[in-house]
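Structure data follow from my_file_26.txt (compact mmCIF, C-alpha atoms and all ligand atoms):
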```txt
# COMPACT_ATOMS: atom_id res chain seq x y z
CA MET A 274 -23.88 6.96 7.32
CA ILE A 275 -20.97 4.66 8.21
CA PRO A 276 -18.05 6.06 6.14
CA ALA A 277 -15.91 3.71 4.04
CA ALA A 278 -12.73 5.16 5.58
CA LYS A 279 -12.04 7.51 8.46
CA PRO A 280 -8.69 9.15 9.30
CA MET A 281 -8.34 9.34 13.09
CA ILE A 282 -6.71 12.57 14.27
CA GLY A 283 -6.69 13.31 18.00
CA ASP A 284 -5.35 15.86 20.44
CA GLU A 285 -1.90 14.24 20.47
CA GLU A 286 -1.48 14.82 16.73
CA ARG A 287 -2.66 18.44 17.13
CA GLU A 288 -0.24 18.98 20.01
CA ALA A 289 2.63 17.45 18.04
CA VAL A 290 1.99 19.80 15.10
CA ASP A 291 1.75 22.76 17.46
CA ARG A 292 5.08 21.78 19.03
CA VAL A 293 6.77 21.85 15.61
CA LEU A 294 5.10 25.12 14.59
CA ARG A 295 6.24 26.76 17.82
CA SER A 296 9.81 25.46 17.32
CA GLY A 297 10.07 27.48 14.10
CA MET A 298 11.86 24.56 12.37
CA LEU A 299 9.35 23.31 9.85
CA ALA A 300 11.32 21.57 7.10
CA GLN A 301 13.02 18.18 7.42
CA GLY A 302 14.74 18.06 10.81
CA PRO A 303 14.73 16.21 14.14
CA GLU A 304 11.11 14.99 13.88
CA VAL A 305 11.84 13.31 10.54
CA LYS A 306 14.96 11.66 11.98
CA ALA A 307 13.02 10.39 15.00
CA PHE A 308 10.16 9.17 12.79
CA GLU A 309 12.64 7.21 10.65
CA GLU A 310 14.23 5.60 13.72
CA GLU A 311 10.87 4.70 15.23
CA PHE A 312 9.55 3.26 11.95
CA SER A 313 12.69 1.13 11.67
CA ALA A 314 11.62 -0.82 14.77
CA HIS A 315 8.66 -2.20 12.74
CA VAL A 316 10.76 -3.33 9.76
CA GLY A 317 13.47 -5.39 11.39
CA GLY A 318 15.78 -2.43 12.08
CA ARG A 319 16.25 -1.63 8.38
CA HIS A 320 17.26 1.82 7.13
CA CYS A 321 14.26 4.14 6.78
CA ILE A 322 14.18 7.26 4.62
CA ALA A 323 11.11 9.49 4.85
CA MET A 324 9.66 11.13 1.72
CA ASN A 325 6.87 13.57 0.90
CA SER A 326 4.64 10.81 -0.53
CA GLY A 327 4.42 7.09 -1.16
CA THR A 328 4.77 7.82 -4.87
CA SER A 329 8.10 9.62 -4.30
CA ALA A 330 9.18 6.68 -2.14
CA LEU A 331 8.47 4.25 -4.99
CA HIS A 332 9.98 6.49 -7.68
CA LEU A 333 13.25 7.21 -5.86
CA GLY A 334 13.34 3.62 -4.63
CA PHE A 335 13.64 2.41 -8.23
CA ILE A 336 16.41 4.89 -9.03
CA ALA A 337 18.35 4.05 -5.87
CA ALA A 338 17.97 0.31 -6.53
CA GLY A 339 19.68 0.81 -9.89
CA ILE A 340 16.68 0.39 -12.18
CA LYS A 341 17.66 2.04 -15.46
CA PRO A 342 15.74 3.42 -18.46
CA GLY A 343 14.54 0.54 -20.65
CA ASP A 344 14.58 -2.03 -17.82
CA GLU A 345 11.42 -4.05 -17.33
CA VAL A 346 9.67 -4.20 -13.97
CA ILE A 347 6.82 -6.67 -13.42
CA VAL A 348 3.89 -5.21 -11.47
CA PRO A 349 0.24 -6.12 -10.92
CA SER A 350 -2.32 -4.27 -13.03
CA PHE A 351 -4.78 -4.58 -10.15
CA SER A 352 -3.43 -1.75 -7.98
CA PHE A 353 -3.41 2.02 -7.65
CA ALA A 354 -1.90 3.81 -10.67
CA ALA A 355 1.11 5.00 -8.61
CA THR A 356 2.46 1.41 -8.66
CA ALA A 357 3.07 1.59 -12.42
CA ASN A 358 3.53 5.37 -12.64
CA SER A 359 6.62 5.12 -10.44
CA VAL A 360 8.17 2.57 -12.81
CA VAL A 361 7.61 4.93 -15.75
CA LEU A 362 8.90 7.94 -13.78
CA ALA A 363 12.16 6.01 -13.27
CA GLY A 364 12.35 5.52 -17.07
CA ALA A 365 11.60 1.79 -16.86
CA ILE A 366 8.81 -0.24 -18.48
CA PRO A 367 6.01 -1.72 -16.38
CA ILE A 368 5.05 -5.25 -17.43
CA PHE A 369 1.61 -6.05 -16.09
CA ALA A 370 0.96 -9.46 -14.58
CA ASP A 371 -2.25 -11.07 -13.38
CA ILE A 372 -3.29 -11.67 -9.80
CA ASP A 373 -4.21 -14.63 -7.63
CA PRO A 374 -7.96 -13.98 -7.26
CA LYS A 375 -7.96 -15.39 -3.72
CA THR A 376 -5.48 -12.89 -2.29
CA PHE A 377 -5.91 -10.12 -4.92
CA ASN A 378 -2.09 -10.06 -5.10
CA LEU A 379 0.45 -10.58 -7.87
CA ASP A 380 0.44 -14.20 -9.14
CA PRO A 381 3.99 -15.65 -8.96
CA ASP A 382 3.24 -18.28 -11.63
CA HIS A 383 2.15 -15.67 -14.15
CA VAL A 384 5.06 -13.42 -13.22
CA GLU A 385 7.50 -16.23 -14.05
CA THR A 386 6.11 -16.49 -17.61
CA LEU A 387 6.77 -12.79 -18.19
CA ILE A 388 10.44 -12.74 -17.22
CA THR A 389 12.78 -11.74 -20.07
CA LYS A 390 16.43 -10.66 -20.32
CA LYS A 391 15.24 -7.10 -19.71
CA THR A 392 13.44 -7.93 -16.44
CA LYS A 393 15.33 -6.26 -13.63
CA ALA A 394 12.74 -6.20 -10.85
CA ILE A 395 9.42 -7.55 -9.66
CA MET A 396 7.26 -5.34 -7.48
CA PRO A 397 4.43 -7.10 -5.65
CA VAL A 398 1.87 -4.88 -3.90
CA HIS A 399 0.56 -5.88 -0.47
CA LEU A 400 -2.91 -4.94 -1.60
CA TYR A 401 -5.51 -4.15 1.07
CA GLY A 402 -2.98 -5.09 3.78
CA HIS A 403 -2.56 -8.71 2.65
CA ILE A 404 1.12 -9.57 2.20
CA ALA A 405 2.05 -10.79 -1.29
CA ALA A 406 3.55 -14.26 -1.82
CA MET A 407 7.00 -13.03 -0.79
CA ASP A 408 8.38 -16.54 -0.16
CA ARG A 409 7.68 -17.41 -3.81
CA PHE A 410 9.04 -14.11 -5.06
CA ASP A 411 12.27 -14.66 -3.10
CA GLU A 412 12.69 -18.00 -4.93
CA ILE A 413 11.97 -16.40 -8.31
CA ALA A 414 14.43 -13.57 -7.59
CA ALA A 415 17.16 -16.08 -6.78
CA LYS A 416 16.38 -18.23 -9.86
CA TYR A 417 16.41 -15.36 -12.39
CA GLY A 418 18.71 -12.84 -10.70
CA VAL A 419 16.08 -10.09 -10.48
CA LYS A 420 15.40 -7.65 -7.66
CA ILE A 421 12.32 -7.71 -5.47
CA MET A 422 10.82 -4.37 -4.52
CA GLU A 423 7.74 -4.00 -2.30
CA ASP A 424 4.89 -1.59 -2.86
CA ALA A 425 3.92 -1.60 0.81
CA ALA A 426 1.78 1.55 0.51
CA GLN A 427 -1.18 -0.39 1.95
CA GLY A 428 0.84 -2.98 3.85
CA HIS A 429 1.70 -1.48 7.25
CA LEU A 430 2.29 -4.36 9.72
CA ALA A 431 1.15 -7.05 7.28
CA SER A 432 3.41 -10.06 7.80
CA LEU A 433 4.38 -13.47 6.49
CA ASN A 434 5.98 -16.15 8.68
CA GLY A 435 6.91 -13.58 11.29
CA ARG A 436 8.46 -11.07 8.87
CA ASN A 437 6.75 -7.73 8.40
CA SER A 438 6.18 -6.04 5.07
CA GLY A 439 9.26 -3.95 4.37
CA GLU A 440 11.57 -6.78 5.43
CA PHE A 441 11.61 -8.59 2.08
CA GLY A 442 12.57 -6.41 -0.88
CA ILE A 443 15.79 -4.58 -1.64
CA VAL A 444 13.56 -1.56 -1.15
CA ALA A 445 10.01 -1.26 0.16
CA SER A 446 7.85 1.85 0.02
CA PHE A 447 5.08 2.83 2.43
CA SER A 448 2.46 5.58 2.12
CA PHE A 449 1.02 7.82 4.83
CA TYR A 450 -1.87 9.19 2.78
CA PRO A 451 -4.84 10.10 5.07
CA THR A 452 -6.88 6.94 4.42
CA LYS A 453 -3.95 4.56 5.05
CA ASN A 454 -3.75 2.57 8.31
CA MET A 455 -1.65 5.43 9.67
CA THR A 456 -1.16 8.90 8.22
CA ALA A 457 1.24 11.81 8.30
CA GLY A 458 -1.16 14.04 6.33
CA GLU A 459 0.82 13.03 3.25
CA GLY A 460 4.11 11.20 3.21
CA GLY A 461 6.01 8.04 2.46
CA MET A 462 8.85 5.90 3.81
CA VAL A 463 11.44 3.91 1.90
CA VAL A 464 12.88 0.93 3.72
CA THR A 465 16.07 -0.85 2.68
CA ASP A 466 18.64 -3.19 4.19
CA SER A 467 21.43 -1.67 2.08
CA ALA A 468 23.43 1.19 3.60
CA GLU A 469 24.50 2.23 0.10
CA VAL A 470 20.92 2.37 -1.24
CA ALA A 471 19.90 4.28 1.90
CA ARG A 472 22.61 6.89 1.33
CA THR A 473 21.60 7.29 -2.33
CA LEU A 474 17.97 7.79 -1.24
CA ARG A 475 19.01 10.49 1.25
CA LEU A 476 20.93 12.25 -1.51
CA LEU A 477 18.14 11.88 -4.08
CA ARG A 478 15.47 13.38 -1.80
CA ASN A 479 17.60 16.43 -1.02
CA GLN A 480 18.92 17.78 -4.35
CA GLY A 481 21.80 15.30 -4.27
CA GLN A 482 23.45 16.91 -1.25
CA GLU A 483 24.47 15.50 2.11
CA ILE A 484 26.48 18.60 2.98
CA ARG A 485 24.76 21.87 2.08
CA TYR A 486 25.72 23.25 -1.33
CA GLN A 487 28.03 20.32 -2.03
CA ASN A 488 25.70 18.50 -4.42
CA GLU A 489 27.08 15.08 -5.34
CA ILE A 490 24.39 13.90 -7.78
CA VAL A 491 21.34 15.37 -9.51
CA GLY A 492 18.44 14.96 -7.11
CA PHE A 493 14.90 15.95 -6.23
CA ASN A 494 13.21 17.75 -3.38
CA THR A 495 11.01 15.01 -1.95
CA ARG A 496 11.71 15.76 1.69
CA MET A 497 9.12 15.20 4.40
CA THR A 498 8.48 18.20 6.67
CA ASP A 499 8.85 18.00 10.44
CA ILE A 500 5.14 18.90 10.66
CA HIS A 501 4.18 15.72 8.81
CA ALA A 502 6.73 13.61 10.67
CA ALA A 503 5.35 14.81 14.02
CA ILE A 504 1.87 13.56 13.01
CA GLY A 505 3.36 10.31 11.70
CA ARG A 506 5.21 9.63 14.96
CA VAL A 507 2.02 9.87 17.01
CA GLN A 508 0.12 7.70 14.53
CA LEU A 509 2.89 5.11 14.47
CA ARG A 510 2.51 4.65 18.23
CA LYS A 511 -1.20 3.98 17.72
CA LEU A 512 -0.74 1.72 14.68
CA PRO A 513 -0.40 -1.67 16.47
CA GLY A 514 -3.57 -1.08 18.51
CA TRP A 515 -5.50 0.14 15.49
CA THR A 516 -4.32 -2.85 13.45
CA ALA A 517 -5.49 -5.25 16.16
CA GLN A 518 -8.88 -3.50 16.13
CA ARG A 519 -9.10 -3.81 12.33
CA GLN A 520 -8.36 -7.54 12.72
CA LYS A 521 -11.07 -7.88 15.36
CA ASN A 522 -13.56 -6.06 13.13
CA ALA A 523 -12.60 -8.33 10.23
CA ALA A 524 -13.05 -11.47 12.37
CA TYR A 525 -16.57 -10.31 13.26
CA LEU A 526 -17.46 -9.64 9.61
CA ASP A 527 -15.87 -12.96 8.49
CA ALA A 528 -17.99 -14.85 11.01
CA ASN A 529 -21.28 -13.13 10.22
CA LEU A 530 -21.45 -12.06 6.56
CA LYS A 531 -23.47 -14.31 4.24
CA GLY A 532 -23.91 -14.50 0.47
CA VAL A 533 -20.63 -12.71 -0.33
CA VAL A 534 -17.02 -13.94 -0.58
CA VAL A 535 -15.09 -12.70 2.47
CA PRO A 536 -11.31 -11.99 2.31
CA PHE A 537 -8.93 -14.95 2.22
CA VAL A 538 -5.88 -14.94 4.49
CA THR A 539 -2.83 -16.95 3.42
CA PRO A 540 -1.72 -19.39 6.16
CA GLY A 541 1.27 -17.98 8.03
CA SER A 542 0.35 -14.40 7.18
CA THR A 543 -1.17 -11.56 9.17
CA HIS A 544 -3.66 -9.38 7.32
CA SER A 545 -3.65 -5.75 8.45
CA TYR A 546 -6.96 -4.98 6.71
CA HIS A 547 -6.23 -1.66 5.09
CA GLN A 548 -9.38 -2.63 3.23
CA TYR A 549 -11.90 -5.36 3.94
CA THR A 550 -12.67 -6.38 0.38
CA ILE A 551 -15.42 -8.85 -0.45
CA ARG A 552 -16.51 -10.25 -3.79
CA ILE A 553 -20.00 -10.28 -5.21
CA PRO A 554 -19.88 -13.49 -7.26
CA GLY A 555 -21.23 -13.51 -10.81
CA GLY A 556 -18.65 -11.57 -12.80
CA SER A 557 -21.03 -8.64 -13.26
CA ALA A 558 -20.07 -5.05 -12.48
CA GLN A 559 -23.77 -4.13 -12.75
CA LYS A 560 -24.66 -6.61 -10.03
CA ARG A 561 -21.81 -5.33 -7.81
CA ASP A 562 -22.81 -1.70 -8.45
CA ALA A 563 -26.45 -2.49 -7.58
CA PHE A 564 -25.22 -4.07 -4.33
CA MET A 565 -23.20 -0.94 -3.55
CA GLU A 566 -26.08 1.38 -4.30
CA ALA A 567 -28.40 -0.64 -2.06
CA ILE A 568 -26.05 -0.80 0.95
CA THR A 569 -25.16 2.90 0.58
CA ALA A 570 -28.90 3.76 0.59
CA LYS A 571 -29.13 1.86 3.89
CA GLY A 572 -26.24 3.83 5.43
CA VAL A 573 -23.20 1.61 4.79
CA GLY A 574 -20.43 3.38 2.87
CA CYS A 575 -18.28 1.33 0.49
CA GLY A 576 -15.83 1.71 -2.38
CA VAL A 577 -14.25 -0.08 -5.32
CA TYR A 578 -10.47 -0.25 -5.27
CA TYR A 579 -9.97 -0.34 -8.26
CA PRO A 580 -12.64 -0.23 -10.98
CA THR A 581 -10.18 -0.16 -13.91
CA PRO A 582 -6.96 -2.21 -14.17
CA ILE A 583 -3.95 0.09 -14.56
CA HIS A 584 -3.10 -1.23 -18.04
CA ARG A 585 -6.50 -0.09 -19.34
CA LEU A 586 -6.33 3.43 -17.87
CA GLN A 587 -6.01 6.18 -20.49
CA SER A 588 -2.46 6.79 -19.25
CA PHE A 589 -1.35 3.28 -20.35
CA ASN A 590 -4.07 2.13 -22.74
CA LEU A 591 -2.78 -1.41 -23.31
CA THR A 592 -4.68 -4.47 -24.50
CA LEU A 593 -3.59 -7.44 -22.40
CA ASN A 594 -5.04 -10.77 -21.38
CA LEU A 595 -5.33 -10.65 -17.57
CA PRO A 596 -8.50 -12.66 -16.89
CA GLU A 597 -8.38 -12.75 -13.08
CA THR A 598 -7.77 -9.01 -12.90
CA GLU A 599 -10.68 -8.38 -15.28
CA LEU A 600 -12.98 -10.56 -13.17
CA VAL A 601 -12.00 -9.04 -9.83
CA VAL A 602 -12.50 -5.42 -10.97
CA LYS A 603 -16.15 -6.36 -11.63
CA GLU A 604 -16.73 -8.21 -8.36
CA CYS A 605 -14.76 -6.43 -5.63
CA VAL A 606 -16.17 -4.01 -3.10
CA SER A 607 -14.60 -2.77 0.11
CA LEU A 608 -16.67 -2.39 3.28
CA PRO A 609 -15.87 -0.15 6.29
CA ILE A 610 -13.26 -1.77 8.57
CA HIS A 611 -11.63 1.24 10.27
CA PRO A 612 -10.77 0.92 13.98
CA SER A 613 -13.32 3.51 15.08
CA LEU A 614 -16.29 1.30 14.12
CA SER A 615 -18.55 0.57 17.08
CA GLN A 616 -20.12 -2.85 17.73
CA SER A 617 -23.51 -1.49 16.68
CA GLU A 618 -22.02 -0.19 13.42
CA LEU A 619 -20.50 -3.61 12.76
CA GLU A 620 -23.91 -5.18 13.39
CA THR A 621 -25.49 -2.70 10.97
CA ILE A 622 -22.93 -3.58 8.29
CA VAL A 623 -23.70 -7.29 8.74
CA SER A 624 -27.49 -6.93 8.68
CA VAL A 625 -27.48 -4.54 5.70
CA VAL A 626 -25.00 -6.59 3.63
CA ASN A 627 -26.76 -9.89 4.38
CA GLU A 628 -30.18 -8.47 3.57
CA VAL A 629 -29.02 -6.93 0.27
CA ALA A 630 -26.90 -9.97 -0.73
CA ALA A 631 -29.88 -12.32 -0.16
CA LYS A 632 -31.93 -10.40 -2.75
CA LEU A 633 -29.24 -10.17 -5.46
C1 LIG A 701 -0.77 0.53 -3.78
C2 LIG A 701 -0.37 1.96 -3.70
N1 LIG A 701 0.80 2.35 -4.21
C3 LIG A 701 1.23 3.62 -4.13
C4 LIG A 701 0.47 4.59 -3.52
C5 LIG A 701 0.97 5.98 -3.53
O1 LIG A 701 1.08 6.57 -2.28
P1 LIG A 701 0.86 8.14 -2.10
O2 LIG A 701 -0.58 8.45 -2.30
O3 LIG A 701 1.33 8.39 -0.69
O4 LIG A 701 1.74 8.85 -3.10
C6 LIG A 701 -0.77 4.24 -2.94
C7 LIG A 701 -1.63 5.16 -2.20
O5 LIG A 701 -2.11 6.14 -2.47
C8 LIG A 701 -1.20 2.90 -3.05
O6 LIG A 701 -2.38 2.51 -2.53
```
Translate this file's structure into structure tokens.
Amino acid sequence: MIPAAKPMIGDEEREAVDRVLRSGMLAQGPEVKAFEEEFSAHVGGRHCIAMNSGTSALHLGFIAAGIKPGDEVIVPSFSFAATANSVVLAGAIPIFADIDPKTFNLDPDHVETLITKKTKAIMPVHLYGHIAAMDRFDEIAAKYGVKIMEDAAQGHLASLNGRNSGEFGIVASFSFYPTKNMTAGEGGMVVTDSAEVARTLRLLRNQGQEIRYQNEIVGFNTRMTDIHAAIGRVQLRKLPGWTAQRQKNAAYLDANLKGVVVPFVTPGSTHSYHQYTIRIPGGSAQKRDAFMEAITAKGVGCGVYYPTPIHRLQSFNLTLNLPETELVVKECVSLPIHPSLSQSELETIVSVVNEVAAKL
């Protein structure tokens, strides 16, 4: 069976964890500081603040950016629930917009129609490792005076016109969950170009204190441990090579898959292929599910990210008209793309997908 995703943990990660365990200093310390500095090199030298998860990064990012209870934040409904959960956790109201079906990302034209006096931020998601239309969102932000945040949980090293994800919004949040392009076990990173927002984030993650027992504001404990940071540092060093391998794998699939819609890449952007997501045309979830069952039976793992738009989850339960989102949830399926795939596994994926797609 070729798994849909595969975290890659080697001896270097094990040795790094062992080094921290032997040091006896397990909580946030020098490894976290070093991880933040090293991550900064990939996001234009911006301030980096490590957190215990991508969700904490998003949540505290909203608070630090000054999003207040009752403010509206426009987000895509086609994403992982944490995108909208973090808005609600900050007391704000998620307003769900539709996507551009080509890129699977937030549609700037639809976003513009949803802007009201209460809109304080727009948060595109770089879904599957494809950067959102950040040039358009920058224009919209300037026109309406709203903030741009980035949910970069899946967007490590995705770029647009030479700028990496994390270099656009007032804050951007990354995730290091095990299936992401790099992991820390669990963890997240907030990136900002504002020294003031960075300081607030450092306070918020540590009970509101910079100096021990001199708490300045009410805060959380969302610190990353040095154990997780040590894993993250090793993985960060491997990330560029792994990303290049994902891109090579994607180029092979793009060139050889037939009968399915392969991922689109916006000109000027670099896709980092957190997922390689194809579409089974026809607007039928049954057809897509039959395709998945057939390729799984032939040894090719796959997954649907995400089968239900966030606004229709029980936790939100809204009735909205988001036609592109509703179509894509029925047609999308992600194939294995991880950097450990061998050439023969790639060939198996192509022959199995093409054979099954031809019979649909
Ligand atoms: C788009 C998106 N946003 C937010 C998150 C939340 O990250 P985490 O699982 O690290 O809390 C994830 C990943 O799980 C995600 O894919």
Please produce, as JSON lines, a per-residue contact table for chain A versus ligand LIG 701 (chain A) (criterion: any atom at most 6 Å away, all atoms listed in the file considered), showing the nearest atom pair and its distance in Å to one decimal, sorted by chain then residue number.
```
{"residue": "A:Ser326", "atom": "CA", "partner": "A:LIG701", "partner_atom": "O3", "distance": 4.1}
{"residue": "A:Gly327", "atom": "CA", "partner": "A:LIG701", "partner_atom": "O3", "distance": 3.4}
{"residue": "A:Thr328", "atom": "CA", "partner": "A:LIG701", "partner_atom": "O4", "distance": 3.7}
{"residue": "A:Ser352", "atom": "CA", "partner": "A:LIG701", "partner_atom": "C1", "distance": 5.5}
{"residue": "A:Phe353", "atom": "CA", "partner": "A:LIG701", "partner_atom": "C1", "distance": 4.9}
{"residue": "A:Ala355", "atom": "CA", "partner": "A:LIG701", "partner_atom": "C3", "distance": 4.7}
{"residue": "A:Thr356", "atom": "CA", "partner": "A:LIG701", "partner_atom": "N1", "distance": 4.8}
{"residue": "A:Asp424", "atom": "CA", "partner": "A:LIG701", "partner_atom": "N1", "distance": 5.8}
{"residue": "A:Ala426", "atom": "CA", "partner": "A:LIG701", "partner_atom": "C2", "distance": 4.7}
{"residue": "A:Gln427", "atom": "CA", "partner": "A:LIG701", "partner_atom": "O6", "distance": 5.5}
{"residue": "A:Ser448", "atom": "CA", "partner": "A:LIG701", "partner_atom": "O3", "distance": 4.1}
{"residue": "A:Phe449", "atom": "CA", "partner": "A:LIG701", "partner_atom": "O3", "distance": 5.6}
{"residue": "A:Tyr450", "atom": "CA", "partner": "A:LIG701", "partner_atom": "O3", "distance": 4.8}
{"residue": "A:Gly460", "atom": "CA", "partner": "A:LIG701", "partner_atom": "O3", "distance": 5.6}
{"residue": "A:Gly461", "atom": "CA", "partner": "A:LIG701", "partner_atom": "O3", "distance": 5.7}
```
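The two atoms in question, CA of Ala277 (chain A) and CA of Pro609 (chain A), are spaced 4.5 Å apart.
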* To do: Mind checking which residues fall within 12 Å of region 521-526 of chain A, counting all atoms listed in the file, ignoring those fewer than 5 positions away in the same chain, and posting them as JSON, numbers by chain?
  => {"A": [514, 515, 516, 531, 533, 534, 535, 536, 537, 538, 543, 544, 545, 546, 547, 548, 549, 550, 551, 607, 608, 609, 610, 611, 612, 613, 614, 615, 616, 617, 618, 619, 620, 621, 622, 623, 624, 625, 626, 627]}
Write the residues of the preceding selection, restricted to C-alpha atoms, as a PDB file, in the frame of the given file.
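part09.pdb, freshly written:
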```pdb
ATOM      1  CA  GLY A 514      -3.570  -1.080  18.510  1.00  0.00           C
ATOM      2  CA  TRP A 515      -5.500   0.140  15.490  1.00  0.00           C
ATOM      3  CA  THR A 516      -4.320  -2.850  13.450  1.00  0.00           C
ATOM      4  CA  LYS A 531     -23.470 -14.310   4.240  1.00  0.00           C
ATOM      5  CA  VAL A 533     -20.630 -12.710  -0.330  1.00  0.00           C
ATOM      6  CA  VAL A 534     -17.020 -13.940  -0.580  1.00  0.00           C
ATOM      7  CA  VAL A 535     -15.090 -12.700   2.470  1.00  0.00           C
ATOM      8  CA  PRO A 536     -11.310 -11.990   2.310  1.00  0.00           C
ATOM      9  CA  PHE A 537      -8.930 -14.950   2.220  1.00  0.00           C
ATOM     10  CA  VAL A 538      -5.880 -14.940   4.490  1.00  0.00           C
ATOM     11  CA  THR A 543      -1.170 -11.560   9.170  1.00  0.00           C
ATOM     12  CA  HIS A 544      -3.660  -9.380   7.320  1.00  0.00           C
ATOM     13  CA  SER A 545      -3.650  -5.750   8.450  1.00  0.00           C
ATOM     14  CA  TYR A 546      -6.960  -4.980   6.710  1.00  0.00           C
ATOM     15  CA  HIS A 547      -6.230  -1.660   5.090  1.00  0.00           C
ATOM     16  CA  GLN A 548      -9.380  -2.630   3.230  1.00  0.00           C
ATOM     17  CA  TYR A 549     -11.900  -5.360   3.940  1.00  0.00           C
ATOM     18  CA  THR A 550     -12.670  -6.380   0.380  1.00  0.00           C
ATOM     19  CA  ILE A 551     -15.420  -8.850  -0.450  1.00  0.00           C
ATOM     20  CA  SER A 607     -14.600  -2.770   0.110  1.00  0.00           C
ATOM     21  CA  LEU A 608     -16.670  -2.390   3.280  1.00  0.00           C
ATOM     22  CA  PRO A 609     -15.870  -0.150   6.290  1.00  0.00           C
ATOM     23  CA  ILE A 610     -13.260  -1.770   8.570  1.00  0.00           C
ATOM     24  CA  HIS A 611     -11.630   1.240  10.270  1.00  0.00           C
ATOM     25  CA  PRO A 612     -10.770   0.920  13.980  1.00  0.00           C
ATOM     26  CA  SER A 613     -13.320   3.510  15.080  1.00  0.00           C
ATOM     27  CA  LEU A 614     -16.290   1.300  14.120  1.00  0.00           C
ATOM     28  CA  SER A 615     -18.550   0.570  17.080  1.00  0.00           C
ATOM     29  CA  GLN A 616     -20.120  -2.850  17.730  1.00  0.00           C
ATOM     30  CA  SER A 617     -23.510  -1.490  16.680  1.00  0.00           C
ATOM     31  CA  GLU A 618     -22.020  -0.190  13.420  1.00  0.00           C
ATOM     32  CA  LEU A 619     -20.500  -3.610  12.760  1.00  0.00           C
ATOM     33  CA  GLU A 620     -23.910  -5.180  13.390  1.00  0.00           C
ATOM     34  CA  THR A 621     -25.490  -2.700  10.970  1.00  0.00           C
ATOM     35  CA  ILE A 622     -22.930  -3.580   8.290  1.00  0.00           C
ATOM     36  CA  VAL A 623     -23.700  -7.290   8.740  1.00  0.00           C
ATOM     37  CA  SER A 624     -27.490  -6.930   8.680  1.00  0.00           C
ATOM     38  CA  VAL A 625     -27.480  -4.540   5.700  1.00  0.00           C
ATOM     39  CA  VAL A 626     -25.000  -6.590   3.630  1.00  0.00           C
ATOM     40  CA  ASN A 627     -26.760  -9.890   4.380  1.00  0.00           C
TER      41      ASN A 627
END
```
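Put simply, CA of Ala414 (chain A) is 18.7 Å away from CA of Asn437 (chain A).
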* Which value, in Å to one decimal, gives the distance between CA of Gly505 (chain A) and CA of Glu286 (chain A)? -> 8.3 Å
* Asked: Which residues, written as a ChimeraX atom specification, have at least one atom at most 8 Å from region 552-566 of chain A, with only C-alpha atoms counted and residues fewer than 5 positions away on the same chain left out?
  -> /A:533-535,575-576,600-606,629-630,633
* **Near-Leu509 (chain A) list (12 Å; only C-alpha atoms; drop same-chain fewer than 3 positions) as a PyMOL selection string** => chain A and resi 285-286+307-315+429-430+449+453-457+502-506+512-516
Which residues of region 330-383 of chain A sit at most 9 Å from region 469-485 of chain A, using all atoms listed in the file? Give each one's shortest atom pair and distance in Å (one decimal place), in chain and ascending residue order, as a tab-separated table.
```
residue	atom	partner	partner_atom	distance
A:Ala330	CA	A:Leu474	CA	8.9
A:Leu333	CA	A:Leu474	CA	6.6
A:Gly334	CA	A:Leu474	CA	7.1
A:Ile336	CA	A:Leu474	CA	8.5
A:Ala337	CA	A:Val470	CA	5.6
A:Ala338	CA	A:Val470	CA	6.4
A:Gly339	CA	A:Val470	CA	8.9
```
* Asked: Residues at most 7 Å from Val464 (chain A), counting only C-alpha atoms, excluding those fewer than 3 positions away in the same chain, as a VMD selection string?
  -> chain A and resid 319 to 322 439 444 to 446
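Proximity ranking of A:Asp408, A:Glu288, A:Glu345, A:Glu628 relative to Leu387 (chain A) places A:Glu345 first, based on all atoms listed in the file.
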* **Surrounding residues of Pro374 (chain A) excluding itself and chain neighbours under 4 positions, 8 Å, all atoms listed in the file, as a PyMOL selection string** => chain A and resi 378+597-598+601
* Structure fact -> Counting all atoms listed in the file, closest pick from A:Asp371, A:Ile275, A:Gly492, A:Phe589 relative to Gly572 (chain A) is A:Ile275
Contact check, region 331-369 of chain A to region 592-595 of chain A, at most 10 Å, counting all atoms listed in the file, closest pairs as a tab-separated table:
```
residue	atom	partner	partner_atom	distance
A:Pro349	CA	A:Leu595	CA	9.8
A:Ser350	CA	A:Leu595	CA	8.4
A:Phe351	CA	A:Leu595	CA	9.6
A:Phe369	CA	A:Leu593	CA	8.3
```
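For the residues A:Asp411, A:Thr376, A:Glu304, A:Arg585, ranking by smallest atom-to-atom distance to Arg292 (chain A) using all atoms listed in the file places A:Glu304 first.
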* List every protein, DNA or RNA residue that has at least one atom no more than 7 Å from (10.6, -0.5, -18.1) in the file's coordinates, counting only C-alpha atoms, and write the result as number ranges by chain. => A: 342-346, 360-361, 364-367
Include C-alpha atoms and write out the residues we just selected as a short mmCIF file (atom, residue, chain, number, x, y, z; two decimals), in the frame of the given file.
```cif
data_model
loop_
_atom_site.label_atom_id
_atom_site.label_comp_id
_atom_site.auth_asym_id
_atom_site.auth_seq_id
_atom_site.Cartn_x
_atom_site.Cartn_y
_atom_site.Cartn_z
CA PRO A 342 15.74 3.42 -18.46
CA GLY A 343 14.54 0.54 -20.65
CA ASP A 344 14.58 -2.03 -17.82
CA GLU A 345 11.42 -4.05 -17.33
CA VAL A 346 9.67 -4.20 -13.97
CA VAL A 360 8.17 2.57 -12.81
CA VAL A 361 7.61 4.93 -15.75
CA GLY A 364 12.35 5.52 -17.07
CA ALA A 365 11.60 1.79 -16.86
CA ILE A 366 8.81 -0.24 -18.48
CA PRO A 367 6.01 -1.72 -16.38
#
```
* Structure fact -> Of A:Ile404, A:Ile388, A:Met497, A:Ile490, the one sitting nearest Val305 (chain A) when using all atoms listed in the file is A:Met497
